[in-house]
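Here is the file upload39.pdb (PDB, C-alpha atoms and all ligand atoms).
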```pdb
ATOM      1  CA  MET A   1      -4.192  14.776  13.805
ATOM      2  CA  SER A   2      -0.600  15.729  14.513
ATOM      3  CA  SER A   3      -0.363  19.143  16.131
ATOM      4  CA  GLU A   4       3.016  19.987  14.579
ATOM      5  CA  SER A   5       1.595  19.557  11.089
ATOM      6  CA  LEU A   6       0.794  22.676   9.130
ATOM      7  CA  LEU A   7      -2.067  21.032   7.285
ATOM      8  CA  GLY A   8      -4.765  18.866   8.826
ATOM      9  CA  LEU A   9      -8.090  18.059   7.250
ATOM     10  CA  ARG A  10      -7.150  20.010   4.129
ATOM     11  CA  ARG A  11      -4.656  17.358   3.114
ATOM     12  CA  ASN A  12      -7.479  15.010   2.020
ATOM     13  CA  ARG A  13      -9.004  17.805  -0.075
ATOM     14  CA  ILE A  14      -5.851  18.532  -2.014
ATOM     15  CA  ASN A  15      -6.951  17.411  -5.490
ATOM     16  CA  ALA A  16      -9.810  15.764  -7.380
ATOM     17  CA  PRO A  17      -8.501  12.159  -7.371
ATOM     18  CA  LEU A  18      -8.019  12.266  -3.596
ATOM     19  CA  ARG A  19     -11.445  13.833  -3.017
ATOM     20  CA  ASN A  20     -12.912  11.054  -5.171
ATOM     21  CA  LEU A  21     -11.114   8.377  -3.161
ATOM     22  CA  VAL A  22     -12.225   9.543   0.286
ATOM     23  CA  SER A  23     -15.739  10.736  -0.590
ATOM     24  CA  SER A  24     -18.720   9.194   1.196
ATOM     25  CA  GLU A  25     -20.153   7.984  -2.102
ATOM     26  CA  SER A  26     -20.654   4.276  -2.542
ATOM     27  CA  LEU A  27     -18.262   2.078  -4.444
ATOM     28  CA  ASN A  28     -17.284   3.291  -7.915
ATOM     29  CA  PRO A  29     -14.158   2.949 -10.098
ATOM     30  CA  LYS A  30     -12.655   6.164  -8.667
ATOM     31  CA  LYS A  31     -12.418   4.470  -5.282
ATOM     32  CA  LEU A  32     -10.086   1.747  -6.512
ATOM     33  CA  VAL A  33      -6.311   1.810  -6.147
ATOM     34  CA  GLN A  34      -4.130  -0.240  -8.527
ATOM     35  CA  PRO A  35      -0.961  -1.804  -7.046
ATOM     36  CA  ILE A  36       2.021  -1.809  -9.444
ATOM     37  CA  PHE A  37       5.473  -3.377  -9.154
ATOM     38  CA  VAL A  38       8.697  -2.106 -10.683
ATOM     39  CA  ALA A  39      11.722  -4.388 -10.382
ATOM     40  CA  GLU A  40      15.128  -2.874 -11.124
ATOM     41  CA  SER A  41      16.467  -6.171 -12.489
ATOM     42  CA  LEU A  42      13.845  -6.475 -15.236
ATOM     43  CA  LYS A  43      14.242  -5.429 -18.866
ATOM     44  CA  ALA A  44      10.716  -6.496 -19.866
ATOM     45  CA  PRO A  45       7.421  -7.068 -18.057
ATOM     46  CA  GLU A  46       6.988 -10.396 -16.352
ATOM     47  CA  LYS A  47       3.614 -12.131 -15.913
ATOM     48  CA  MET A  48       2.718 -13.335 -12.438
ATOM     49  CA  SER A  49       1.393 -16.869 -12.673
ATOM     50  CA  SER A  50      -0.509 -16.620  -9.384
ATOM     51  CA  LEU A  51      -2.054 -13.234 -10.210
ATOM     52  CA  PRO A  52      -3.609 -13.194 -13.680
ATOM     53  CA  GLY A  53      -3.620  -9.698 -15.166
ATOM     54  CA  VAL A  54      -0.794  -8.519 -12.858
ATOM     55  CA  PHE A  55       2.770  -7.897 -13.990
ATOM     56  CA  ARG A  56       6.141  -7.038 -12.563
ATOM     57  CA  ASP A  57       7.325  -4.194 -14.740
ATOM     58  CA  SER A  58      10.647  -2.783 -15.832
ATOM     59  CA  GLN A  59      11.395   0.932 -15.474
ATOM     60  CA  ASP A  60      10.270   1.397 -19.086
ATOM     61  CA  SER A  61       7.355  -1.005 -19.327
ATOM     62  CA  ILE A  62       5.601   0.532 -16.308
ATOM     63  CA  LEU A  63       4.986   3.645 -18.409
ATOM     64  CA  SER A  64       2.932   1.809 -21.018
ATOM     65  CA  GLN A  65       1.108  -0.113 -18.281
ATOM     66  CA  ILE A  66       0.106   3.160 -16.598
ATOM     67  CA  GLU A  67      -0.878   4.681 -19.919
ATOM     68  CA  SER A  68      -3.320   1.849 -20.543
ATOM     69  CA  ASP A  69      -4.571   1.914 -16.920
ATOM     70  CA  LEU A  70      -5.304   5.636 -17.209
ATOM     71  CA  LYS A  71      -7.375   4.927 -20.321
ATOM     72  CA  ASN A  72      -9.318   2.420 -18.241
ATOM     73  CA  GLY A  73     -10.118   5.064 -15.645
ATOM     74  CA  VAL A  74      -7.565   4.306 -12.890
ATOM     75  CA  GLU A  75      -6.650   7.446 -10.919
ATOM     76  CA  HIS A  76      -4.737   5.948  -7.983
ATOM     77  CA  PHE A  77      -1.662   3.735  -8.120
ATOM     78  CA  LEU A  78       0.197   2.109  -5.244
ATOM     79  CA  LEU A  79       3.812   1.576  -6.266
ATOM     80  CA  PHE A  80       6.088  -1.149  -4.896
ATOM     81  CA  LEU A  81       9.747  -0.679  -5.763
ATOM     82  CA  VAL A  82      11.940  -3.760  -5.929
ATOM     83  CA  PRO A  83      15.669  -2.900  -5.945
ATOM     84  CA  GLU A  84      18.166  -5.196  -7.623
ATOM     85  CA  LYS A  85      20.707  -5.206  -4.793
ATOM     86  CA  LYS A  86      19.630  -5.897  -1.228
ATOM     87  CA  SER A  87      21.133  -3.663   1.450
ATOM     88  CA  ASP A  88      20.783  -3.200   5.202
ATOM     89  CA  ASP A  89      22.668   0.081   5.315
ATOM     90  CA  SER A  90      21.633   2.267   2.412
ATOM     91  CA  ILE A  91      18.754   3.254   0.163
ATOM     92  CA  PRO A  92      18.975   2.901  -3.656
ATOM     93  CA  LYS A  93      17.921   6.514  -4.121
ATOM     94  CA  SER A  94      18.635   6.828  -7.812
ATOM     95  CA  PHE A  95      16.445   3.819  -8.699
ATOM     96  CA  TYR A  96      13.610   5.205  -6.565
ATOM     97  CA  LYS A  97      13.978   8.706  -7.979
ATOM     98  CA  ASN A  98      14.128   7.511 -11.573
ATOM     99  CA  VAL A  99      10.996   5.391 -11.361
ATOM    100  CA  ILE A 100       8.858   7.860  -9.420
ATOM    101  CA  GLY A 101      10.218  10.823 -11.386
ATOM    102  CA  SER A 102       9.569   9.268 -14.789
ATOM    103  CA  ILE A 103       6.026   8.203 -13.887
ATOM    104  CA  LYS A 104       5.123  11.632 -12.535
ATOM    105  CA  SER A 105       6.726  13.598 -15.346
ATOM    106  CA  LYS A 106       4.971  11.523 -18.014
ATOM    107  CA  PHE A 107       1.635  11.244 -16.187
ATOM    108  CA  PRO A 108       1.208  14.191 -13.820
ATOM    109  CA  GLU A 109      -2.504  13.387 -13.590
ATOM    110  CA  THR A 110      -1.906  10.125 -11.672
ATOM    111  CA  PHE A 111      -2.172  10.036  -7.907
ATOM    112  CA  LEU A 112       0.911   8.020  -7.065
ATOM    113  CA  TRP A 113       1.115   6.413  -3.628
ATOM    114  CA  VAL A 114       4.430   4.777  -2.792
ATOM    115  CA  ASP A 115       4.690   1.955  -0.248
ATOM    116  CA  THR A 116       7.299   2.573   2.429
ATOM    117  CA  CYS A 117       8.665  -0.669   3.803
ATOM    118  CA  LEU A 118      12.089  -2.281   4.019
ATOM    119  CA  CYS A 119      11.226  -5.916   3.233
ATOM    120  CA  SER A 120      12.082  -5.644  -0.499
ATOM    121  CA  LEU A 121      15.379  -3.993   0.379
ATOM    122  CA  THR A 122      16.834  -5.806   3.397
ATOM    123  CA  THR A 123      19.027  -8.905   3.060
ATOM    124  CA  HIS A 124      16.795 -10.766   5.550
ATOM    125  CA  GLY A 125      13.408  -9.703   4.130
ATOM    126  CA  HIS A 126      12.082  -8.269   7.398
ATOM    127  CA  CYS A 127      10.166  -4.993   7.323
ATOM    128  CA  GLY A 128      12.602  -3.254   9.691
ATOM    129  CA  LEU A 129      16.301  -3.261  10.524
ATOM    130  CA  LEU A 130      17.659  -5.814  12.979
ATOM    131  CA  ASP A 131      19.881  -5.406  16.038
ATOM    132  CA  PRO A 132      22.934  -7.674  16.499
ATOM    133  CA  LYS A 133      20.725 -10.252  18.223
ATOM    134  CA  GLY A 134      18.422 -10.446  15.201
ATOM    135  CA  ARG A 135      15.556  -8.570  16.832
ATOM    136  CA  ILE A 136      13.802  -5.655  15.138
ATOM    137  CA  ASP A 137      15.448  -2.364  16.082
ATOM    138  CA  ASN A 138      12.452  -0.028  16.096
ATOM    139  CA  ILE A 139      14.372   3.252  16.341
ATOM    140  CA  SER A 140      16.809   2.716  13.472
ATOM    141  CA  SER A 141      14.008   1.153  11.403
ATOM    142  CA  VAL A 142      11.789   4.224  11.718
ATOM    143  CA  LYS A 143      14.718   6.478  10.864
ATOM    144  CA  ARG A 144      15.496   4.521   7.674
ATOM    145  CA  LEU A 145      11.799   4.344   6.735
ATOM    146  CA  SER A 146      11.441   8.098   7.162
ATOM    147  CA  GLU A 147      14.437   8.645   4.860
ATOM    148  CA  LEU A 148      12.531   6.540   2.343
ATOM    149  CA  ALA A 149       9.375   8.617   2.807
ATOM    150  CA  LEU A 150      11.336  11.822   2.209
ATOM    151  CA  CYS A 151      13.138  10.362  -0.813
ATOM    152  CA  TYR A 152       9.773   9.367  -2.320
ATOM    153  CA  ALA A 153       8.268  12.814  -1.700
ATOM    154  CA  GLU A 154      11.329  14.540  -3.166
ATOM    155  CA  SER A 155      11.015  12.295  -6.224
ATOM    156  CA  GLY A 156       7.420  13.407  -6.771
ATOM    157  CA  ALA A 157       5.262  10.847  -4.934
ATOM    158  CA  ASP A 158       1.780  12.203  -4.228
ATOM    159  CA  GLY A 159       1.260  10.111  -1.111
ATOM    160  CA  ILE A 160       3.159   7.826   1.240
ATOM    161  CA  SER A 161       1.893   4.405   2.330
ATOM    162  CA  PRO A 162       3.740   2.929   5.298
ATOM    163  CA  SER A 163       3.251  -0.856   5.491
ATOM    164  CA  ASP A 164       6.088  -1.804   7.844
ATOM    165  CA  MET A 165       4.163  -1.746  11.171
ATOM    166  CA  MET A 166       6.962  -0.207  13.237
ATOM    167  CA  ASP A 167       5.884   1.911  16.211
ATOM    168  CA  GLY A 168       6.029   5.675  15.715
ATOM    169  CA  ARG A 169       6.492   5.637  11.948
ATOM    170  CA  ILE A 170       3.525   7.849  11.146
ATOM    171  CA  ARG A 171       4.625  10.663  13.463
ATOM    172  CA  SER A 172       8.167  10.402  12.180
ATOM    173  CA  HIS A 173       7.058  10.492   8.516
ATOM    174  CA  ARG A 174       4.739  13.451   9.164
ATOM    175  CA  ASN A 175       7.546  15.353  10.846
ATOM    176  CA  ILE A 176      10.136  14.722   8.150
ATOM    177  CA  LEU A 177       7.646  15.561   5.387
ATOM    178  CA  ASP A 178       6.468  18.756   7.114
ATOM    179  CA  SER A 179       9.937  20.012   7.874
ATOM    180  CA  ASN A 180      10.994  19.580   4.238
ATOM    181  CA  GLY A 181       8.110  21.403   2.587
ATOM    182  CA  PHE A 182       5.860  18.380   1.951
ATOM    183  CA  GLN A 183       2.999  19.348   4.262
ATOM    184  CA  HIS A 184       0.561  18.597   1.448
ATOM    185  CA  VAL A 185       1.671  14.944   1.020
ATOM    186  CA  PRO A 186      -0.887  12.652   2.703
ATOM    187  CA  ILE A 187      -0.108   9.454   4.568
ATOM    188  CA  MET A 188      -2.245   6.415   3.829
ATOM    189  CA  SER A 189      -1.346   4.167   6.716
ATOM    190  CA  TYR A 190      -1.588   0.407   6.672
ATOM    191  CA  SER A 191      -2.940   1.028  10.151
ATOM    192  CA  THR A 192      -4.573  -2.329  10.887
ATOM    193  CA  LYS A 193      -2.358  -4.851   9.174
ATOM    194  CA  PHE A 194      -2.461  -8.446  10.286
ATOM    195  CA  LYS A 195       0.178 -11.097  10.164
ATOM    196  CA  SER A 196      -1.357 -13.246   7.463
ATOM    197  CA  HIS A 197      -1.012 -16.274   5.239
ATOM    198  CA  PHE A 198      -2.584 -14.370   2.353
ATOM    199  CA  TYR A 199       0.495 -12.363   1.313
ATOM    200  CA  GLY A 200       2.287 -15.184  -0.533
ATOM    201  CA  PRO A 201       1.972 -14.084  -4.184
ATOM    202  CA  PHE A 202       2.886 -10.503  -3.249
ATOM    203  CA  ARG A 203       6.107 -11.628  -1.599
ATOM    204  CA  GLU A 204       7.084 -13.358  -4.805
ATOM    205  CA  ALA A 205       6.393 -10.159  -6.769
ATOM    206  CA  ALA A 206       8.184  -7.906  -4.290
ATOM    207  CA  GLU A 207      10.997 -10.388  -3.519
ATOM    208  CA  SER A 208      10.210  -9.724   0.114
ATOM    209  CA  ALA A 209       9.654 -13.019   1.947
ATOM    210  CA  PRO A 210      11.396 -13.094   5.350
ATOM    211  CA  GLY A 211      14.570 -15.186   5.144
ATOM    212  CA  TYR A 212      13.838 -16.649   8.574
ATOM    213  CA  GLY A 213      11.093 -16.367  11.177
ATOM    214  CA  ASP A 214       7.876 -14.529  10.496
ATOM    215  CA  ARG A 215       6.370 -11.087  10.992
ATOM    216  CA  SER A 216       4.457 -11.764  14.222
ATOM    217  CA  SER A 217       6.557  -9.400  16.362
ATOM    218  CA  TYR A 218       5.335  -6.426  14.316
ATOM    219  CA  GLN A 219       2.166  -7.315  12.390
ATOM    220  CA  ILE A 220      -1.092  -7.711  14.343
ATOM    221  CA  ASP A 221      -2.311 -11.081  15.657
ATOM    222  CA  VAL A 222      -5.719 -11.841  14.051
ATOM    223  CA  ARG A 223      -7.039 -12.976  17.426
ATOM    224  CA  ASN A 224      -6.531  -9.543  18.982
ATOM    225  CA  ARG A 225      -9.460  -7.209  18.368
ATOM    226  CA  GLU A 226      -8.295  -4.537  20.825
ATOM    227  CA  ASP A 227      -4.860  -4.251  19.213
ATOM    228  CA  SER A 228      -6.502  -4.129  15.754
ATOM    229  CA  ILE A 229      -8.511  -1.055  16.673
ATOM    230  CA  LEU A 230      -5.870   0.571  18.863
ATOM    231  CA  SER A 231      -3.350   0.407  16.039
ATOM    232  CA  SER A 232      -5.602   2.532  13.798
ATOM    233  CA  ILE A 233      -6.442   4.971  16.612
ATOM    234  CA  ARG A 234      -2.727   5.391  17.361
ATOM    235  CA  ASP A 235      -1.887   6.085  13.698
ATOM    236  CA  THR A 236      -4.681   8.669  13.605
ATOM    237  CA  GLU A 237      -3.221  10.426  16.632
ATOM    238  CA  GLU A 238       0.195  10.405  14.981
ATOM    239  CA  GLY A 239      -1.143  12.162  11.880
ATOM    240  CA  ALA A 240      -2.354   9.548   9.368
ATOM    241  CA  ASP A 241      -4.779  10.940   6.763
ATOM    242  CA  LEU A 242      -6.265   7.661   5.512
ATOM    243  CA  LEU A 243      -6.433   4.327   7.306
ATOM    244  CA  MET A 244      -6.503   0.797   5.949
ATOM    245  CA  VAL A 245      -7.366  -2.728   7.022
ATOM    246  CA  LYS A 246      -5.467  -5.641   5.536
ATOM    247  CA  PRO A 247      -6.120  -8.353   4.438
ATOM    248  CA  GLY A 248      -9.606  -7.140   3.553
ATOM    249  CA  ILE A 249     -11.194 -10.550   3.974
ATOM    250  CA  THR A 250     -10.003 -11.050   7.555
ATOM    251  CA  SER A 251     -10.839  -7.477   8.620
ATOM    252  CA  ILE A 252     -14.398  -6.926   7.407
ATOM    253  CA  ASP A 253     -15.772  -6.631  10.941
ATOM    254  CA  LEU A 254     -13.270  -3.910  11.873
ATOM    255  CA  ILE A 255     -13.912  -1.337   9.159
ATOM    256  CA  THR A 256     -16.920   0.377  10.712
ATOM    257  CA  PRO A 257     -15.625   0.326  14.311
ATOM    258  CA  ILE A 258     -12.350   1.919  13.160
ATOM    259  CA  LYS A 259     -14.223   4.515  11.154
ATOM    260  CA  GLU A 260     -16.458   5.328  14.112
ATOM    261  CA  GLN A 261     -13.574   5.639  16.524
ATOM    262  CA  THR A 262     -11.262   7.691  14.318
ATOM    263  CA  GLY A 263     -13.521   9.587  11.910
ATOM    264  CA  LEU A 264     -11.008   8.944   9.102
ATOM    265  CA  PRO A 265     -11.618   7.251   5.740
ATOM    266  CA  VAL A 266     -10.877   3.538   6.099
ATOM    267  CA  GLY A 267      -9.960   1.473   3.047
ATOM    268  CA  ALA A 268      -9.578  -2.263   2.590
ATOM    269  CA  TYR A 269      -6.669  -3.958   0.818
ATOM    270  CA  GLN A 270      -7.853  -7.028  -1.066
ATOM    271  CA  VAL A 271      -4.452  -8.696  -0.875
ATOM    272  CA  SER A 272      -2.652 -10.951  -3.313
ATOM    273  CA  GLY A 273      -3.809 -14.215  -1.702
ATOM    274  CA  GLU A 274      -7.443 -13.112  -1.806
ATOM    275  CA  TYR A 275      -7.192 -12.187  -5.477
ATOM    276  CA  ALA A 276      -5.299 -15.408  -6.267
ATOM    277  CA  SER A 277      -7.930 -17.567  -4.512
ATOM    278  CA  ILE A 278     -10.700 -16.102  -6.649
ATOM    279  CA  ALA A 279      -8.557 -16.521  -9.761
ATOM    280  CA  MET A 280      -7.931 -20.194  -8.933
ATOM    281  CA  LEU A 281     -11.625 -20.875  -8.386
ATOM    282  CA  ALA A 282     -12.373 -19.244 -11.728
ATOM    283  CA  GLU A 283      -9.587 -21.092 -13.550
ATOM    284  CA  ASN A 284     -11.076 -24.346 -12.327
ATOM    285  CA  GLY A 285     -14.530 -23.412 -13.587
ATOM    286  CA  PHE A 286     -16.113 -22.871 -10.166
ATOM    287  CA  CYS A 287     -17.053 -19.234 -10.592
ATOM    288  CA  LYS A 288     -16.829 -16.351 -13.019
ATOM    289  CA  PHE A 289     -13.821 -14.260 -12.010
ATOM    290  CA  GLU A 290     -15.380 -10.840 -12.598
ATOM    291  CA  ASP A 291     -18.647 -11.726 -10.833
ATOM    292  CA  ALA A 292     -16.903 -13.125  -7.777
ATOM    293  CA  LEU A 293     -14.598 -10.098  -7.554
ATOM    294  CA  LYS A 294     -17.547  -7.752  -7.828
ATOM    295  CA  GLU A 295     -19.285  -9.613  -5.011
ATOM    296  CA  THR A 296     -16.280  -9.142  -2.709
ATOM    297  CA  TRP A 297     -16.044  -5.444  -3.586
ATOM    298  CA  GLN A 298     -19.726  -5.003  -2.798
ATOM    299  CA  VAL A 299     -19.181  -6.622   0.587
ATOM    300  CA  PHE A 300     -16.229  -4.332   1.401
ATOM    301  CA  SER A 301     -18.418  -1.419   0.482
ATOM    302  CA  ARG A 302     -21.300  -2.743   2.607
ATOM    303  CA  ALA A 303     -18.876  -3.094   5.522
ATOM    304  CA  GLY A 304     -18.061   0.620   5.223
ATOM    305  CA  ALA A 305     -14.816   0.736   3.222
ATOM    306  CA  SER A 306     -14.203   4.205   1.755
ATOM    307  CA  TYR A 307     -11.793   2.875  -0.849
ATOM    308  CA  LEU A 308     -10.336  -0.413  -2.042
ATOM    309  CA  ILE A 309      -6.862  -1.478  -3.033
ATOM    310  CA  THR A 310      -7.265  -4.335  -5.491
ATOM    311  CA  TYR A 311      -5.163  -5.934  -8.215
ATOM    312  CA  ALA A 312      -8.158  -5.631 -10.544
ATOM    313  CA  ALA A 313      -8.577  -1.851 -10.197
ATOM    314  CA  ARG A 314      -7.656  -1.583 -13.889
ATOM    315  CA  ARG A 315     -10.797  -3.576 -14.688
ATOM    316  CA  GLY A 316     -12.961  -1.571 -12.290
ATOM    317  CA  LYS A 317     -15.079   0.200 -14.913
ATOM    318  CA  GLU A 318     -15.772  -3.030 -16.757
ATOM    319  CA  ILE A 319     -16.521  -5.011 -13.574
ATOM    320  CA  LEU A 320     -18.683  -2.422 -11.836
ATOM    321  CA  GLY A 321     -20.460  -1.518 -15.062
TER     322      GLY A 321
HETATM  323  C1  LIG A 401       5.151  -5.103   2.757
HETATM  324  C2  LIG A 401       3.809  -5.412   2.219
HETATM  325  C3  LIG A 401       3.154  -6.659   2.133
HETATM  326  C4  LIG A 401       1.970  -6.423   1.434
HETATM  327  C5  LIG A 401       1.920  -5.057   1.158
HETATM  328  N1  LIG A 401       3.046  -4.444   1.672
HETATM  329  C6  LIG A 401       3.568  -8.024   2.508
HETATM  330  C7  LIG A 401       3.994  -8.388   3.854
HETATM  331  O1  LIG A 401       3.709  -7.701   4.844
HETATM  332  O2  LIG A 401       4.688  -9.393   3.918
HETATM  333  C8  LIG A 401       0.994  -7.493   1.027
HETATM  334  C9  LIG A 401       0.117  -7.177  -0.125
HETATM  335  C10 LIG A 401      -0.506  -8.347  -0.796
HETATM  336  O3  LIG A 401      -0.390  -9.520  -0.371
HETATM  337  O4  LIG A 401      -1.158  -8.107  -1.809
HETATM  338  N2  LIG A 401       5.320  -5.183   4.097
END
```

Please re-express this file's structure in C-alpha cells.
Amino acid sequence: MSSESLLGLRRNRINAPLRNLVSSESLNPKKLVQPIFVAESLKAPEKMSSLPGVFRDSQDSILSQIESDLKNGVEHFLLFLVPEKKSDDSIPKSFYKNVIGSIKSKFPETFLWVDTCLCSLTTHGHCGLLDPKGRIDNISSVKRLSELALCYAESGADGISPSDMMDGRIRSHRNILDSNGFQHVPIMSYSTKFKSHFYGPFREAAESAPGYGDRSSYQIDVRNREDSILSSIRDTEEGADLLMVKPGITSIDLITPIKEQTGLPVGAYQVSGEYASIAMLAENGFCKFEDALKETWQVFSRAGASYLITYAARRGKEILG
C-alpha cells in the first residue's frame, strides 16, 4: 500500500458494486466485469466476427448497450477507448472526456473502469512511447500514461486499469490521482500480464496490434514464474487496490500464490482469444457455448479468482442461473 496515499484499504470499500466485486463470496454475476469498446470513427455499432455478442460501439450506441447490460445485472464495465487519429505526442482529451462523461452522467450507477494503455493511440501500436532507437522509453511512457489516468478520473471514471506493463506506473498513477483530489479512485492493475498469442481478436477491436516487433520487452514471459509473482507483489507495494492475471487460462496456477503473497483481491481476465476459442468450438457443434463458458468460470473461481473480466459478463445471470 503506498504510504503517500491518503486512503488505503478503504478504497475497496467505497461503494456497493466494488464491495460486491472484491467480496470473498464465490462466483456470482456481481463478480463479472464487462469489457466495452468505443471507437471514435464509428457512427453505428459494429459486430465482431471473432467475438459473438461483442460489439465496437459509437459514442452514441454505447449508451443503449450499457442500458441493456444494466438490465441484465452488469455492475462493472471496463472501457477501451479507440481514438480516430493516432498520435505519439498528445492525448485526444475531448474524445475521452465525452465518452466517459456521457456514460457516467446517464448511468451514474455503473462502476466504470477505464483501461490505461497507449497501444490504441500510438502510431506504432506499442503500449509505451519509443526513444529514437525504437526502444520503449519507460520514463516518458509512464508520464503520458499518468496524464491519461488523470484525464479519465477528471472525466468521471470510477477506477483506472493500467494494462501497459511499464515499470513504476502504479506509483505514478496513485501519486497523480492523490494529488488531484482522486484519492478514492481505485487502481485495478493488470499486475501479472503475459505476452500472449490469445490477444488477437482484442487487437482488432482496439486497433492496437504492434506495427513491428512484439511486446516481449514489457509483458511477462510465460516461462517465468518468479517474474509473474514479483510483478504482482511490486504493484501491490506501489499502491494497487486490485490485482489481475491475464490471460486467465495461462495463469490459473498463479492466482492463489499471488493472493497469498499480497493479500489483495486477484481477478482473472478471460481474454478475447479464450472467448473466441470457445465460440469457435460451439459454432462447429463441439460444445454448447454457455455450458463451456460456465465451466471455465467455475475453474477460475476454484483457482481463487475474486472477480472475472469476461466478454460474456452481460450473460452472467443467464449462464450462472
Ligand atoms: C492493451 C490490452 C490488451 C488486452 C487488454 N489490454 C492487448 C495487448 O496487450 O496487446 C487484451 C485483452 C483481450 O485479449 O481480451 N495493452

Put the listed atoms of segment 33-48 of chain A in a box along x, y and z with 8 Å added on every side and give me the centre and edge lengths in Å to one decimal, as JSON.
```
{"center_x": 5.1, "center_y": -5.8, "center_z": -13.0, "size_x": 38.8, "size_y": 31.1, "size_z": 29.7}
```

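Residues in contact with segment 153-163 of chain A at 6 Å, where only C-alpha atoms are counted and same-chain residues fewer than 6 positions away are skipped, are listed as Lys97, Ile100, Gly101, Phe111, Leu112, Trp113, Val114, Asp115, Thr116, Cys117, Val185, Pro186, Ile187, Met188, Ser189 and Tyr190 of chain A.
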
(request) Enumerate as a list in words the residues within 7 Å of ligand LIG 401 (chain A), counting only C-alpha atoms and all ligand atoms. (result)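 Checking only C-alpha atoms and all ligand atoms against ligand LIG 401 (chain A) at 7 Å gives Asp115, Cys117, Cys119, Cys127, Ser163, Asp164, Phe198, Tyr199, Gly200, Pro201, Phe202, Arg203, Ser208, Ala209, Gln270, Val271, Ser272 and Gly273 of chain A.
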
(request) Would you list the residues near (-18.4, -2.7, -15.4) (no more than 12 Å away, in the coordinates of the file, using all atoms listed in the file) as a list in words? (result)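 Within the cut-off we find Leu27, Asn28, Pro29, Asn72, Gly73, Glu290, Asp291, Leu293, Lys294, Ala312, Ala313, Arg314, Arg315, Gly316, Lys317, Glu318, Ile319, Leu320 and Gly321 of chain A.
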
(request) Go through the shown structure with the PyMOL selection byres (((chain A and resi 129) around 7) and not hetatm) and write out the matching residues as a ChimeraX atom specification. (result) /A:88,128,130-131,136-137,140-141

Output for the residues just chosen: C-alpha atoms as a PDB file, in the frame of the given file:
```
ATOM      1  CA  ASP A  88      20.783  -3.200   5.202  1.00  0.00           C
ATOM      2  CA  GLY A 128      12.602  -3.254   9.691  1.00  0.00           C
ATOM      3  CA  LEU A 130      17.659  -5.814  12.979  1.00  0.00           C
ATOM      4  CA  ASP A 131      19.881  -5.406  16.038  1.00  0.00           C
ATOM      5  CA  ILE A 136      13.802  -5.655  15.138  1.00  0.00           C
ATOM      6  CA  ASP A 137      15.448  -2.364  16.082  1.00  0.00           C
ATOM      7  CA  SER A 140      16.809   2.716  13.472  1.00  0.00           C
ATOM      8  CA  SER A 141      14.008   1.153  11.403  1.00  0.00           C
TER       9      SER A 141
END
```

(message) Suppose a student applies the PyMOL selection byres (((chain A and resi 298-300) around 9) and not hetatm) to this structure; what residues should they get, written as a VMD selection string?
(response) chain A and resid 27 248 to 249 252 255 267 to 268 293 to 297 301 to 308

Residues of the last selection are to be written out with C-alpha atoms, as an mmCIF file, in the coordinates of the input.
```cif
data_model
loop_
_atom_site.group_PDB
_atom_site.id
_atom_site.type_symbol
_atom_site.label_atom_id
_atom_site.label_comp_id
_atom_site.auth_asym_id
_atom_site.auth_seq_id
_atom_site.Cartn_x
_atom_site.Cartn_y
_atom_site.Cartn_z
ATOM 1 C CA LEU A 27 -18.262 2.078 -4.444
ATOM 2 C CA GLY A 248 -9.606 -7.140 3.553
ATOM 3 C CA ILE A 249 -11.194 -10.550 3.974
ATOM 4 C CA ILE A 252 -14.398 -6.926 7.407
ATOM 5 C CA ILE A 255 -13.912 -1.337 9.159
ATOM 6 C CA GLY A 267 -9.960 1.473 3.047
ATOM 7 C CA ALA A 268 -9.578 -2.263 2.590
ATOM 8 C CA LEU A 293 -14.598 -10.098 -7.554
ATOM 9 C CA LYS A 294 -17.547 -7.752 -7.828
ATOM 10 C CA GLU A 295 -19.285 -9.613 -5.011
ATOM 11 C CA THR A 296 -16.280 -9.142 -2.709
ATOM 12 C CA TRP A 297 -16.044 -5.444 -3.586
ATOM 13 C CA SER A 301 -18.418 -1.419 0.482
ATOM 14 C CA ARG A 302 -21.300 -2.743 2.607
ATOM 15 C CA ALA A 303 -18.876 -3.094 5.522
ATOM 16 C CA GLY A 304 -18.061 0.620 5.223
ATOM 17 C CA ALA A 305 -14.816 0.736 3.222
ATOM 18 C CA SER A 306 -14.203 4.205 1.755
ATOM 19 C CA TYR A 307 -11.793 2.875 -0.849
ATOM 20 C CA LEU A 308 -10.336 -0.413 -2.042
#
```

(request) Determine the residue set returned by the PyMOL selection byres (((chain A and resi 52) around 10) and not hetatm) for the present structure, and present it as number ranges by chain. (result) A: 47-51, 53-55, 275-276, 279-280, 283, 311-312

(request) Record the distance separating atom CA of Val99 of chain A and atom CA of Asn20 of chain A, expressed in Å with one decimal. (result) 25.3 Å

(request) May I have the protein, DNA and RNA residues with an atom at most 12 Å from (-17.6, -0.2, 14.7), counting all atoms listed in the file in the file's coordinates, returned as a PyMOL selection string? (result) chain A and resi 225-226+228-229+251-263+266+303-305
